[in-house]
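K.L.:
Below you'll find the structure I mean.
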Amino acid sequence: MKITTLLKAIAVTAALAISQLSFAADIDANADANDIAIKGYDPVAYFTQSKPVQGSNKFSATHKNAIYHFSNAKNRDLFKADSTKYAPQYGGYCAMGVAMNLKFDTDPQAWRIVDNKLYLNLSKSVQKKWLSDIPGHIKTAEINWGELKILTPAEAKANSL
């Protein structure tokens, strides 16, 4: 292989790697390996239908480079008009986990709207603990989130040890 061909191949590979990183969800957004947030559930439906509803990739929008799916175009458009209103708090990480200064994934079925904000929890059993003192846990989570949001879940866990 000629040197120029090798250099071109390296440049193309580097450009692809950089472009792929630029589309990755922000560190303060909880998303899967495909950058899908809330496991594909529609964040607007929690507000409009008072329940978790699976979204469709036919209706999607991004927020903090995470991809949100919606059950219909109307919900997608509501989200696009005011994503901070509908996006889950703490980037979609578990509200109780953030109160504990940790970043946990969430179960879209373990949710609660408090003061017109969507909070998710790791599981229904973790949510029971969170529900025992919602105002106190939110107050603690708000304090923790300032520093926690810039850490990966692994870094957050290492810092808590």
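Please note that chains go A, B, ... in the order of the structure tokens, that every chain numbers its residues from 1, and that ligands are numbered from 1 in the order shown.
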Which residues in region 45-112 of chain A does DSSP call helix (DSSP H, G or I)? List them as a list in words.
P.N.:
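Here are the helix (DSSP H, G or I) residues of region 45-112 of chain A: Ala45, Tyr46, Phe47, Thr48, Ala73, Lys74, Asn75, Arg76, Asp77, Leu78, Phe79, Lys80, Ala81, Ser83, Thr84, Lys85, Tyr86, Gln89, Tyr90, Gly91, Gly92, Ala95, Met96, Gly97, Val98 and Ala99 of chain A.
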K.L.:
Write a file of the selected residues as a CSV table (one decimal), in the first residue's frame, keeping C-alpha atoms.
P.N.:
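Generated file (again_16.csv):
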chain,number,residue,atom,x,y,z
A,45,ALA,CA,-47.3,11.2,26.7
A,46,TYR,CA,-46.5,11.3,30.4
A,47,PHE,CA,-48.0,14.8,30.5
A,48,THR,CA,-50.8,14.4,27.9
A,73,ALA,CA,-46.4,14.0,15.2
A,74,LYS,CA,-48.3,16.2,17.6
A,75,ASN,CA,-46.3,15.0,20.6
A,76,ARG,CA,-43.0,15.4,18.6
A,77,ASP,CA,-44.0,19.0,17.7
A,78,LEU,CA,-44.8,19.8,21.3
A,79,PHE,CA,-41.4,18.5,22.4
A,80,LYS,CA,-39.6,20.5,19.7
A,81,ALA,CA,-41.4,23.7,20.7
A,83,SER,CA,-38.0,20.3,25.0
A,84,THR,CA,-37.0,21.5,28.4
A,85,LYS,CA,-40.6,21.3,29.6
A,86,TYR,CA,-41.0,17.6,28.5
A,89,GLN,CA,-35.2,15.8,34.8
A,90,TYR,CA,-31.5,14.9,35.4
A,91,GLY,CA,-31.1,14.0,31.7
A,92,GLY,CA,-33.3,10.9,32.2
A,95,ALA,CA,-34.1,10.8,40.3
A,96,MET,CA,-33.4,8.7,43.5
A,97,GLY,CA,-29.9,7.8,42.1
A,98,VAL,CA,-29.1,11.5,41.6
A,99,ALA,CA,-30.2,12.2,45.2
K.L.:
Near region 51-64 of chain A, counting only C-alpha atoms, which residues have an atom at most 6 Å away, once you skip same-chain residues fewer than 2 positions from it, shown as a list of chain:residue names?
P.N.:
A:Asp26, A:Gly40, A:Tyr41, A:Asp42, A:Tyr46, A:Gln49, A:Ala66, A:Ile67, A:Tyr68, A:His69, A:Phe70, A:Ser71, A:Ala73
K.L.:
What's the 10 Å shell around Asn159 (chain A), counting only C-alpha atoms, without same-chain residues fewer than 6 positions away, as JSON, numbers by chain?
P.N.:
{"A": [101, 102, 148, 151, 153]}
K.L.:
Considering only C-alpha atoms, state which residue in the set A:Lys149, A:Pro88, A:Asn34, A:Cys94 is at the smallest distance from Asn65 (chain A).
P.N.:
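The answer is A:Asn34, which sits nearest to Asn65 (chain A).
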K.L.:
Which value, in Å to one decimal, gives the distance between CA of Lys128 (chain A) and CA of Arg112 (chain A)?
P.N.:
11.1 Å
K.L.:
When distances are computed from only C-alpha atoms, which of A:Ser160, A:Ser50, A:Glu155, A:Ala29 shows the smallest separation from Tyr93 (chain A)?
P.N.:
A:Ala29
K.L.:
I'd like to know which of A:Met100, A:Val44, A:Lys39, A:Ala31 is closest to Lys139 (chain A), using only C-alpha atoms.
P.N.:
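When distances to Lys139 (chain A) are compared using only C-alpha atoms, the smallest one comes from A:Met100.
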K.L.:
Distance CA of Asp105 (chain A)-CA of Ser123 (chain A), one decimal place?
P.N.:
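CA of Ser123 (chain A) lies 9.0 Å from CA of Asp105 (chain A).
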K.L.:
Based on DSSP run over this structure's backbone, return all residues of chain A in strand (DSSP E or B), as a PyMOL selection string.
P.N.:
chain A and resi 31+36-37+41+54+56-63+66-70+107-114+117-121
K.L.:
Can you work out which one of A:Ile138, A:Asn72, A:Ala158, A:Pro43 has the shortest atom-to-atom distance to Pro108 (chain A), counting only C-alpha atoms?
P.N.:
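Result for the nearest residue to Pro108 (chain A): A:Pro43.
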